[in-house]
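Participant: Hey, dropping upload_18.tsv in here, TSV, N, CA and C atoms:
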```
chain	number	residue	atom	x	y	z
A	316	MET	N	20.13	-42.94	-70.12
A	316	MET	CA	19.62	-42.95	-68.76
A	316	MET	C	18.09	-42.91	-68.70
A	317	GLY	N	17.46	-42.61	-69.82
A	317	GLY	CA	16.01	-42.58	-69.80
A	317	GLY	C	15.47	-41.17	-69.72
A	318	GLU	N	14.25	-41.06	-69.23
A	318	GLU	CA	13.55	-39.79	-69.13
A	318	GLU	C	14.19	-38.88	-68.09
A	319	ASN	N	14.33	-37.60	-68.40
A	319	ASN	CA	14.94	-36.63	-67.48
A	319	ASN	C	13.89	-36.05	-66.54
A	320	ARG	N	14.31	-35.71	-65.36
A	320	ARG	CA	13.48	-35.06	-64.34
A	320	ARG	C	14.24	-33.87	-63.79
A	321	THR	N	13.53	-32.93	-63.21
A	321	THR	CA	14.15	-31.78	-62.56
A	321	THR	C	14.16	-32.03	-61.06
A	322	LEU	N	15.30	-31.78	-60.44
A	322	LEU	CA	15.47	-31.99	-59.01
A	322	LEU	C	16.01	-30.71	-58.40
A	323	GLU	N	15.34	-30.19	-57.37
A	323	GLU	CA	15.84	-29.01	-56.68
A	323	GLU	C	16.67	-29.44	-55.48
A	324	ILE	N	17.93	-29.00	-55.46
A	324	ILE	CA	18.81	-29.29	-54.33
A	324	ILE	C	19.51	-28.00	-53.93
A	325	PRO	N	19.94	-27.91	-52.68
A	325	PRO	CA	20.62	-26.69	-52.23
A	325	PRO	C	21.86	-26.39	-53.09
A	326	ALA	N	22.10	-25.11	-53.33
A	326	ALA	CA	23.21	-24.68	-54.18
A	326	ALA	C	24.56	-25.21	-53.68
A	327	LYS	N	24.79	-25.18	-52.36
A	327	LYS	CA	26.07	-25.65	-51.83
A	327	LYS	C	26.28	-27.14	-52.11
A	328	LEU	N	25.22	-27.92	-51.99
A	328	LEU	CA	25.32	-29.34	-52.29
A	328	LEU	C	25.64	-29.55	-53.76
A	329	TYR	N	24.96	-28.80	-54.63
A	329	TYR	CA	25.22	-28.94	-56.06
A	329	TYR	C	26.66	-28.56	-56.40
A	330	GLU	N	27.17	-27.51	-55.75
A	330	GLU	CA	28.56	-27.10	-55.99
A	330	GLU	C	29.52	-28.23	-55.60
A	331	ARG	N	29.24	-28.90	-54.51
A	331	ARG	CA	30.10	-30.03	-54.10
A	331	ARG	C	30.06	-31.15	-55.14
A	332	ILE	N	28.87	-31.45	-55.62
A	332	ILE	CA	28.72	-32.50	-56.63
A	332	ILE	C	29.44	-32.10	-57.91
A	333	GLU	N	29.29	-30.84	-58.28
A	333	GLU	CA	29.92	-30.34	-59.49
A	333	GLU	C	31.45	-30.40	-59.40
A	334	ARG	N	32.00	-30.03	-58.23
A	334	ARG	CA	33.45	-30.11	-58.04
A	334	ARG	C	33.94	-31.55	-58.15
A	335	LEU	N	33.20	-32.47	-57.54
A	335	LEU	CA	33.57	-33.87	-57.60
A	335	LEU	C	33.51	-34.39	-59.04
A	336	ALA	N	32.47	-33.97	-59.76
A	336	ALA	CA	32.35	-34.38	-61.17
A	336	ALA	C	33.52	-33.85	-61.99
A	337	ALA	N	33.95	-32.63	-61.71
A	337	ALA	CA	35.08	-32.05	-62.44
A	337	ALA	C	36.36	-32.82	-62.14
A	338	VAL	N	36.59	-33.14	-60.87
A	338	VAL	CA	37.78	-33.89	-60.49
A	338	VAL	C	37.79	-35.27	-61.15
A	339	ARG	N	36.63	-35.90	-61.19
A	339	ARG	CA	36.51	-37.24	-61.77
A	339	ARG	C	36.37	-37.22	-63.30
A	340	GLU	N	36.20	-35.98	-63.83
A	340	GLU	CA	36.01	-35.81	-65.28
A	340	GLU	C	34.84	-36.66	-65.78
A	341	THR	N	33.71	-36.49	-65.09
A	341	THR	CA	32.51	-37.26	-65.42
A	341	THR	C	31.29	-36.36	-65.25
A	342	PRO	N	30.18	-36.67	-65.90
A	342	PRO	CA	28.97	-35.85	-65.73
A	342	PRO	C	28.43	-35.90	-64.30
A	343	VAL	N	27.77	-34.82	-63.91
A	343	VAL	CA	27.17	-34.72	-62.58
A	343	VAL	C	26.21	-35.89	-62.33
A	344	ALA	N	25.44	-36.27	-63.33
A	344	ALA	CA	24.48	-37.37	-63.16
A	344	ALA	C	25.17	-38.67	-62.75
A	345	TYR	N	26.37	-38.90	-63.28
A	345	TYR	CA	27.10	-40.13	-62.92
A	345	TYR	C	27.58	-40.09	-61.47
A	346	VAL	N	27.96	-38.91	-61.01
A	346	VAL	CA	28.38	-38.77	-59.61
A	346	VAL	C	27.20	-39.09	-58.70
A	347	LEU	N	26.03	-38.56	-59.03
A	347	LEU	CA	24.84	-38.84	-58.23
A	347	LEU	C	24.46	-40.31	-58.28
A	348	GLU	N	24.55	-40.91	-59.45
A	348	GLU	CA	24.24	-42.33	-59.58
A	348	GLU	C	25.20	-43.19	-58.75
A	349	ASP	N	26.49	-42.85	-58.80
A	349	ASP	CA	27.48	-43.59	-57.99
A	349	ASP	C	27.20	-43.44	-56.50
A	350	ALA	N	26.83	-42.23	-56.08
A	350	ALA	CA	26.54	-42.00	-54.66
A	350	ALA	C	25.33	-42.83	-54.22
A	351	LEU	N	24.30	-42.87	-55.02
A	351	LEU	CA	23.11	-43.66	-54.68
A	351	LEU	C	23.43	-45.15	-54.63
A	352	THR	N	24.25	-45.61	-55.54
A	352	THR	CA	24.65	-47.02	-55.55
A	352	THR	C	25.39	-47.37	-54.26
A	353	LEU	N	26.28	-46.47	-53.83
A	353	LEU	CA	27.01	-46.72	-52.58
A	353	LEU	C	26.07	-46.81	-51.39
A	354	VAL	N	25.11	-45.92	-51.33
A	354	VAL	CA	24.16	-45.91	-50.21
A	354	VAL	C	23.28	-47.15	-50.26
A	355	GLU	N	22.82	-47.51	-51.43
A	355	GLU	CA	21.95	-48.69	-51.57
A	355	GLU	C	22.68	-49.97	-51.16
A	356	ASP	N	23.97	-50.02	-51.39
A	356	ASP	CA	24.74	-51.22	-51.09
A	356	ASP	C	25.12	-51.35	-49.61
A	357	GLN	N	24.95	-50.28	-48.83
A	357	GLN	CA	25.31	-50.34	-47.42
A	357	GLN	C	24.26	-51.13	-46.65
A	358	PRO	N	24.71	-51.92	-45.68
A	358	PRO	CA	23.73	-52.62	-44.83
A	358	PRO	C	22.85	-51.61	-44.08
A	359	VAL	N	21.60	-51.96	-43.87
A	359	VAL	CA	20.65	-51.08	-43.19
A	359	VAL	C	21.17	-50.68	-41.81
A	360	GLU	N	21.84	-51.59	-41.10
A	360	GLU	CA	22.34	-51.29	-39.77
A	360	GLU	C	23.37	-50.17	-39.80
A	361	LEU	N	24.21	-50.15	-40.83
A	361	LEU	CA	25.22	-49.11	-40.97
A	361	LEU	C	24.58	-47.75	-41.21
A	362	VAL	N	23.55	-47.73	-42.04
A	362	VAL	CA	22.84	-46.49	-42.33
A	362	VAL	C	22.16	-45.98	-41.06
A	363	ARG	N	21.49	-46.86	-40.34
A	363	ARG	CA	20.81	-46.47	-39.10
A	363	ARG	C	21.80	-45.98	-38.05
A	364	SER	N	22.94	-46.61	-37.98
A	364	SER	CA	23.97	-46.19	-37.04
A	364	SER	C	24.45	-44.78	-37.35
A	365	ALA	N	24.62	-44.47	-38.63
A	365	ALA	CA	25.04	-43.13	-39.03
A	365	ALA	C	23.96	-42.11	-38.70
A	366	GLU	N	22.69	-42.47	-38.93
A	366	GLU	CA	21.58	-41.57	-38.59
A	366	GLU	C	21.54	-41.29	-37.09
A	367	MET	N	21.72	-42.34	-36.29
A	367	MET	CA	21.69	-42.17	-34.84
A	367	MET	C	22.85	-41.30	-34.39
A	368	SER	N	24.00	-41.46	-35.02
A	368	SER	CA	25.16	-40.63	-34.68
A	368	SER	C	24.87	-39.15	-34.95
A	369	ARG	N	24.16	-38.88	-36.04
A	369	ARG	CA	23.79	-37.48	-36.35
A	369	ARG	C	22.82	-36.94	-35.30
A	370	GLU	N	21.86	-37.77	-34.86
A	370	GLU	CA	20.91	-37.32	-33.84
A	370	GLU	C	21.63	-37.08	-32.51
A	371	GLU	N	22.58	-37.95	-32.21
A	371	GLU	CA	23.37	-37.81	-30.98
A	371	GLU	C	24.18	-36.51	-31.02
A	372	ALA	N	24.76	-36.21	-32.17
A	372	ALA	CA	25.54	-34.97	-32.34
A	372	ALA	C	24.63	-33.74	-32.19
A	373	ALA	N	23.43	-33.83	-32.73
A	373	ALA	CA	22.48	-32.72	-32.59
A	373	ALA	C	22.11	-32.52	-31.13
A	374	TYR	N	21.89	-33.63	-30.42
A	374	TYR	CA	21.59	-33.54	-28.98
A	374	TYR	C	22.74	-32.86	-28.24
A	375	GLN	N	23.96	-33.24	-28.55
A	375	GLN	CA	25.13	-32.64	-27.90
A	375	GLN	C	25.15	-31.13	-28.13
A	376	THR	N	24.85	-30.72	-29.35
A	376	THR	CA	24.84	-29.29	-29.69
A	376	THR	C	23.76	-28.55	-28.91
A	377	MET	N	22.62	-29.18	-28.72
A	377	MET	CA	21.48	-28.54	-28.03
A	377	MET	C	21.49	-28.72	-26.52
A	378	HIS	N	22.43	-29.50	-25.99
A	378	HIS	CA	22.36	-29.93	-24.61
A	378	HIS	C	22.16	-28.81	-23.60
A	379	ASN	N	22.96	-27.76	-23.67
A	379	ASN	CA	22.85	-26.68	-22.67
A	379	ASN	C	21.46	-26.07	-22.65
A	380	GLU	N	20.91	-25.79	-23.82
A	380	GLU	CA	19.57	-25.23	-23.90
A	380	GLU	C	18.52	-26.23	-23.40
A	381	LEU	N	18.70	-27.49	-23.76
A	381	LEU	CA	17.76	-28.52	-23.30
A	381	LEU	C	17.80	-28.66	-21.78
A	382	PHE	N	19.00	-28.61	-21.23
A	382	PHE	CA	19.13	-28.76	-19.78
A	382	PHE	C	18.45	-27.60	-19.05
A	383	GLU	N	18.57	-26.39	-19.59
A	383	GLU	CA	17.92	-25.23	-18.96
A	383	GLU	C	16.40	-25.38	-18.96
A	384	LYS	N	15.84	-25.91	-20.03
A	384	LYS	CA	14.38	-25.98	-20.17
A	384	LYS	C	13.77	-27.30	-19.71
A	385	TYR	N	14.51	-28.41	-19.89
A	385	TYR	CA	13.90	-29.73	-19.71
A	385	TYR	C	14.70	-30.67	-18.80
A	386	ALA	N	15.44	-30.15	-17.87
A	386	ALA	CA	16.26	-30.99	-16.99
A	386	ALA	C	15.43	-32.11	-16.37
A	387	GLY	N	15.92	-33.33	-16.49
A	387	GLY	CA	15.25	-34.49	-15.92
A	387	GLY	C	14.17	-35.10	-16.80
A	388	GLN	N	13.73	-34.37	-17.81
A	388	GLN	CA	12.69	-34.88	-18.70
A	388	GLN	C	13.33	-35.68	-19.84
A	389	PHE	N	12.49	-36.39	-20.57
A	389	PHE	CA	12.94	-37.15	-21.73
A	389	PHE	C	12.64	-36.35	-22.98
A	390	VAL	N	13.61	-36.32	-23.88
A	390	VAL	CA	13.44	-35.58	-25.13
A	390	VAL	C	13.56	-36.54	-26.32
A	391	ALA	N	12.93	-36.15	-27.42
A	391	ALA	CA	13.03	-36.90	-28.67
A	391	ALA	C	13.66	-35.98	-29.71
A	392	VAL	N	14.72	-36.48	-30.35
A	392	VAL	CA	15.42	-35.71	-31.38
A	392	VAL	C	15.32	-36.47	-32.69
A	393	HIS	N	14.86	-35.77	-33.72
A	393	HIS	CA	14.72	-36.37	-35.05
A	393	HIS	C	15.07	-35.31	-36.08
A	394	GLY	N	15.85	-35.71	-37.06
A	394	GLY	CA	16.24	-34.75	-38.11
A	394	GLY	C	17.07	-33.61	-37.56
A	395	GLY	N	17.78	-33.87	-36.45
A	395	GLY	CA	18.62	-32.84	-35.86
A	395	GLY	C	17.86	-31.80	-35.06
A	396	LYS	N	16.58	-32.05	-34.80
A	396	LYS	CA	15.74	-31.08	-34.08
A	396	LYS	C	15.00	-31.76	-32.93
A	397	LEU	N	14.71	-30.97	-31.91
A	397	LEU	CA	13.87	-31.44	-30.81
A	397	LEU	C	12.45	-31.55	-31.34
A	398	VAL	N	11.84	-32.75	-31.24
A	398	VAL	CA	10.50	-32.93	-31.78
A	398	VAL	C	9.44	-33.17	-30.71
A	399	ASP	N	9.87	-33.54	-29.48
A	399	ASP	CA	8.88	-33.79	-28.43
A	399	ASP	C	9.59	-33.94	-27.09
A	400	VAL	N	8.83	-33.74	-26.01
A	400	VAL	CA	9.35	-33.82	-24.64
A	400	VAL	C	8.27	-34.42	-23.76
A	401	ASP	N	8.68	-35.22	-22.76
A	401	ASP	CA	7.72	-35.76	-21.80
A	401	ASP	C	8.45	-36.19	-20.53
A	402	ASP	N	7.72	-36.26	-19.43
A	402	ASP	CA	8.28	-36.76	-18.18
A	402	ASP	C	8.40	-38.27	-18.19
A	403	ASP	N	7.59	-38.92	-19.01
A	403	ASP	CA	7.54	-40.38	-19.06
A	403	ASP	C	8.13	-40.87	-20.38
A	404	GLU	N	9.19	-41.65	-20.27
A	404	GLU	CA	9.90	-42.12	-21.47
A	404	GLU	C	9.00	-43.00	-22.35
A	405	LEU	N	8.20	-43.87	-21.74
A	405	LEU	CA	7.35	-44.77	-22.52
A	405	LEU	C	6.24	-44.01	-23.25
A	406	VAL	N	5.66	-43.03	-22.60
A	406	VAL	CA	4.62	-42.20	-23.22
A	406	VAL	C	5.23	-41.44	-24.41
A	407	LEU	N	6.42	-40.89	-24.19
A	407	LEU	CA	7.11	-40.16	-25.26
A	407	LEU	C	7.42	-41.09	-26.43
A	408	ALA	N	7.93	-42.28	-26.14
A	408	ALA	CA	8.27	-43.24	-27.19
A	408	ALA	C	7.04	-43.60	-28.02
A	409	ALA	N	5.93	-43.84	-27.36
A	409	ALA	CA	4.70	-44.19	-28.09
A	409	ALA	C	4.26	-43.04	-28.99
A	410	ARG	N	4.34	-41.83	-28.47
A	410	ARG	CA	3.91	-40.66	-29.24
A	410	ARG	C	4.79	-40.44	-30.47
A	411	VAL	N	6.12	-40.48	-30.28
A	411	VAL	CA	7.00	-40.21	-31.42
A	411	VAL	C	6.99	-41.36	-32.42
A	412	ASN	N	6.80	-42.58	-31.94
A	412	ASN	CA	6.69	-43.71	-32.88
A	412	ASN	C	5.44	-43.59	-33.74
A	413	ALA	N	4.37	-43.04	-33.17
A	413	ALA	CA	3.15	-42.82	-33.94
A	413	ALA	C	3.35	-41.70	-34.97
A	414	ARG	N	4.08	-40.66	-34.58
A	414	ARG	CA	4.33	-39.52	-35.49
A	414	ARG	C	5.36	-39.84	-36.56
A	415	PHE	N	6.37	-40.63	-36.20
A	415	PHE	CA	7.47	-40.92	-37.11
A	415	PHE	C	7.69	-42.44	-37.22
A	416	PRO	N	6.74	-43.15	-37.79
A	416	PRO	CA	6.90	-44.60	-37.85
A	416	PRO	C	8.13	-45.01	-38.66
A	417	LYS	N	8.86	-45.98	-38.13
A	417	LYS	CA	10.03	-46.55	-38.79
A	417	LYS	C	11.16	-45.55	-39.03
A	418	LYS	N	11.19	-44.47	-38.27
A	418	LYS	CA	12.26	-43.48	-38.39
A	418	LYS	C	13.21	-43.60	-37.20
A	419	ILE	N	14.42	-43.13	-37.38
A	419	ILE	CA	15.40	-43.12	-36.30
A	419	ILE	C	15.12	-41.91	-35.41
A	420	ILE	N	14.84	-42.17	-34.14
A	420	ILE	CA	14.56	-41.12	-33.16
A	420	ILE	C	15.45	-41.35	-31.95
A	421	LEU	N	16.13	-40.31	-31.51
A	421	LEU	CA	16.93	-40.40	-30.30
A	421	LEU	C	16.04	-40.01	-29.12
A	422	LEU	N	15.88	-40.91	-28.16
A	422	LEU	CA	15.18	-40.61	-26.92
A	422	LEU	C	16.23	-40.58	-25.83
A	423	LYS	N	16.23	-39.51	-25.06
A	423	LYS	CA	17.27	-39.36	-24.05
A	423	LYS	C	16.74	-38.53	-22.89
A	424	GLN	N	17.13	-38.93	-21.68
A	424	GLN	CA	16.79	-38.12	-20.52
A	424	GLN	C	17.83	-37.02	-20.41
A	425	VAL	N	17.36	-35.79	-20.23
A	425	VAL	CA	18.26	-34.65	-20.17
A	425	VAL	C	18.85	-34.58	-18.77
A	426	GLN	N	20.14	-34.83	-18.68
A	426	GLN	CA	20.85	-34.77	-17.42
A	426	GLN	C	21.91	-33.69	-17.49
A	427	GLN	N	22.52	-33.39	-16.36
A	427	GLN	CA	23.49	-32.30	-16.31
A	427	GLN	C	24.66	-32.54	-17.27
A	428	ALA	N	25.20	-33.74	-17.26
A	428	ALA	CA	26.27	-34.08	-18.19
A	428	ALA	C	25.62	-34.55	-19.49
A	429	PRO	N	26.07	-34.06	-20.64
A	429	PRO	CA	25.44	-34.45	-21.90
A	429	PRO	C	25.59	-35.94	-22.20
A	430	MET	N	26.67	-36.55	-21.74
A	430	MET	CA	26.88	-37.98	-21.95
A	430	MET	C	27.12	-38.63	-20.60
A	431	ARG	N	26.55	-39.80	-20.42
A	431	ARG	CA	26.79	-40.54	-19.19
A	431	ARG	C	28.19	-41.13	-19.24
A	432	GLU	N	28.95	-40.91	-18.19
A	432	GLU	CA	30.30	-41.46	-18.14
A	432	GLU	C	30.23	-42.88	-17.59
A	433	ILE	N	30.87	-43.80	-18.30
A	433	ILE	CA	30.87	-45.19	-17.86
A	433	ILE	C	32.31	-45.57	-17.55
A	434	ASN	N	32.53	-46.00	-16.32
A	434	ASN	CA	33.86	-46.45	-15.91
A	434	ASN	C	33.81	-47.94	-15.67
A	435	TYR	N	34.83	-48.61	-16.12
A	435	TYR	CA	34.92	-50.03	-15.87
A	435	TYR	C	36.38	-50.41	-15.69
A	436	ARG	N	36.59	-51.45	-14.98
A	436	ARG	CA	37.95	-51.94	-14.76
A	436	ARG	C	38.25	-52.99	-15.82
A	437	SER	N	39.42	-52.88	-16.37
A	437	SER	CA	39.79	-53.88	-17.36
A	437	SER	C	40.53	-55.03	-16.67
A	438	ILE	N	40.44	-56.16	-17.28
A	438	ILE	CA	41.11	-57.35	-16.73
A	438	ILE	C	42.44	-57.51	-17.43
A	439	ARG	N	43.46	-57.73	-16.65
A	439	ARG	CA	44.78	-57.98	-17.22
A	439	ARG	C	45.13	-59.44	-17.02
A	440	ILE	N	45.53	-60.07	-18.07
A	440	ILE	CA	45.95	-61.46	-17.98
A	440	ILE	C	47.47	-61.50	-18.09
A	441	ILE	N	48.06	-62.05	-17.06
A	441	ILE	CA	49.52	-62.15	-17.05
A	441	ILE	C	49.88	-63.61	-17.17
A	442	ARG	N	50.64	-63.91	-18.17
A	442	ARG	CA	51.06	-65.31	-18.37
A	442	ARG	C	52.39	-65.53	-17.69
A	443	GLU	N	52.45	-66.56	-16.97
A	443	GLU	CA	53.71	-66.93	-16.35
A	443	GLU	C	54.44	-67.86	-17.29
A	444	GLY	N	55.68	-67.63	-17.35
A	444	GLY	CA	56.25	-68.54	-18.23
A	444	GLY	C	57.61	-68.60	-18.56
```
For this file, produce the structure as structure tokens.
Facilitator:
Amino acid sequence: MGENRTLEIPAKLYERIERLAAVRETPVAYVLEDALTLVEDQPVELVRSAEMSREEAAYQTMHNELFEKYAGQFVAVHGGKLVDVDDDELVLAARVNARFPKKIILLKQVQQAPMREINYRSIRIIREG
């Protein structure tokens, strides 16, 4: 594999990797290499979609607190944390894009309901025959 390096990772994460390596009967380094290969092979859109889903989940978790403090304002969520707030969505977008270039940032107006409900009528096609 070449030259070795030291990597510090959280103990719980290492335990998960170690358990997987034991189940697969393979060295920990191979488990990490396989995981990186899987991530590298995923389309960028899929990775970004997963990141946005995590930011959306973080927003849902924080919603009640955000609504108490920032009702009606626009918030920016990055890395699972509130990173900025503004009354103007465009001003907020410009600021967070400058701070976090090319990163996935959730911008959302804090409303009473954490998710906007969308209702639509479906079309039914009935074939005569």
Participant: Out of A:Ala408, A:Leu397, A:Ile419, A:Ala344, which residue has the shortest atom-to-atom distance to Ala365 (chain A) when counting only C-alpha atoms?
Facilitator: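 Residue with the minimum atom-to-atom distance to Ala365 (chain A): A:Ile419.
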Participant: If I take atom N of Tyr385 (chain A) and atom N of Val425 (chain A), how far is one from the other in Å, to one decimal?
Facilitator: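 Atom-to-atom, atom N of Tyr385 (chain A) to atom N of Val425 (chain A), that is 7.9 Å.
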Participant: Could you please determine the separation between CA of Gln427 (chain A) and CA of Leu381 (chain A) in Å, to one decimal place?
Facilitator: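 These atoms are spaced 9.8 Å apart.
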Participant: Enter the distance from CA of Leu335 (chain A) to CA of Ala373 (chain A), in Å, rounded to one decimal.
Facilitator: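 If I compute the distance from CA of Leu335 (chain A) to CA of Ala373 (chain A), I get 27.4 Å.
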Participant: Quick one: DSSP alpha helix (DSSP H) residues in chain A, as a ChimeraX atom specification?
Facilitator: /A:326-339,343-356,359-385,404-414
Participant: What's around Met367 (chain A) at 7 Å? Count only N, CA and C atoms, leave out sequence neighbours fewer than 3 positions away in its own chain, and write the answer as a PyMOL selection string.
Facilitator: chain A and resi 362-364+370-372+419-421
Participant: Name the closest residue to Arg410 (chain A) among the candidates A:Ala350, A:Ala428, A:Ala391, A:Ala326; distances are taken between atoms, counting only C-alpha atoms.
Facilitator: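 Of A:Ala350, A:Ala428, A:Ala391, A:Ala326, the one nearest Arg410 (chain A), counting only C-alpha atoms, is A:Ala391.
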Participant: Leaving out Lys417 (chain A) and any residue of its chain fewer than 4 positions from it, which residues lie within 12 Å of it when counting only C-alpha atoms, given as a list in words?
Facilitator: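 With the cut-off at 12 Å, the set is Arg363, His393, Val411, Asn412 and Ala413 of chain A.
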Participant: Could you turn the residues from that selection into a file that holds N, CA and C atoms, as a PDB file, in the frame of the given file?
Facilitator:
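out15.pdb written:
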```
ATOM      1  N   ARG A 363      21.490 -46.860 -40.340  1.00  0.00           N
ATOM      2  CA  ARG A 363      20.810 -46.470 -39.100  1.00  0.00           C
ATOM      3  C   ARG A 363      21.800 -45.980 -38.050  1.00  0.00           C
ATOM      4  N   HIS A 393      14.860 -35.770 -33.720  1.00  0.00           N
ATOM      5  CA  HIS A 393      14.720 -36.370 -35.050  1.00  0.00           C
ATOM      6  C   HIS A 393      15.070 -35.310 -36.080  1.00  0.00           C
ATOM      7  N   VAL A 411       6.120 -40.480 -30.280  1.00  0.00           N
ATOM      8  CA  VAL A 411       7.000 -40.210 -31.420  1.00  0.00           C
ATOM      9  C   VAL A 411       6.990 -41.360 -32.420  1.00  0.00           C
ATOM     10  N   ASN A 412       6.800 -42.580 -31.940  1.00  0.00           N
ATOM     11  CA  ASN A 412       6.690 -43.710 -32.880  1.00  0.00           C
ATOM     12  C   ASN A 412       5.440 -43.590 -33.740  1.00  0.00           C
ATOM     13  N   ALA A 413       4.370 -43.040 -33.170  1.00  0.00           N
ATOM     14  CA  ALA A 413       3.150 -42.820 -33.940  1.00  0.00           C
ATOM     15  C   ALA A 413       3.350 -41.700 -34.970  1.00  0.00           C
TER      16      ALA A 413
END
```
Participant: Env of Glu333 (chain A): 6.5 Å cut, atoms = only N, CA and C atoms, seq-sep filter 5 positions within chain, self excluded. Answer as a PDB file with N, CA and C atoms, in the frame of the given file.
Facilitator:
```
ATOM      1  N   LEU A 328      25.220 -27.920 -51.990  1.00  0.00           N
ATOM      2  CA  LEU A 328      25.320 -29.340 -52.290  1.00  0.00           C
ATOM      3  C   LEU A 328      25.640 -29.550 -53.760  1.00  0.00           C
ATOM      4  N   VAL A 338      36.590 -33.140 -60.870  1.00  0.00           N
ATOM      5  CA  VAL A 338      37.780 -33.890 -60.490  1.00  0.00           C
ATOM      6  C   VAL A 338      37.790 -35.270 -61.150  1.00  0.00           C
ATOM      7  N   VAL A 343      27.770 -34.820 -63.910  1.00  0.00           N
ATOM      8  CA  VAL A 343      27.170 -34.720 -62.580  1.00  0.00           C
ATOM      9  C   VAL A 343      26.210 -35.890 -62.330  1.00  0.00           C
TER      10      VAL A 343
END
```
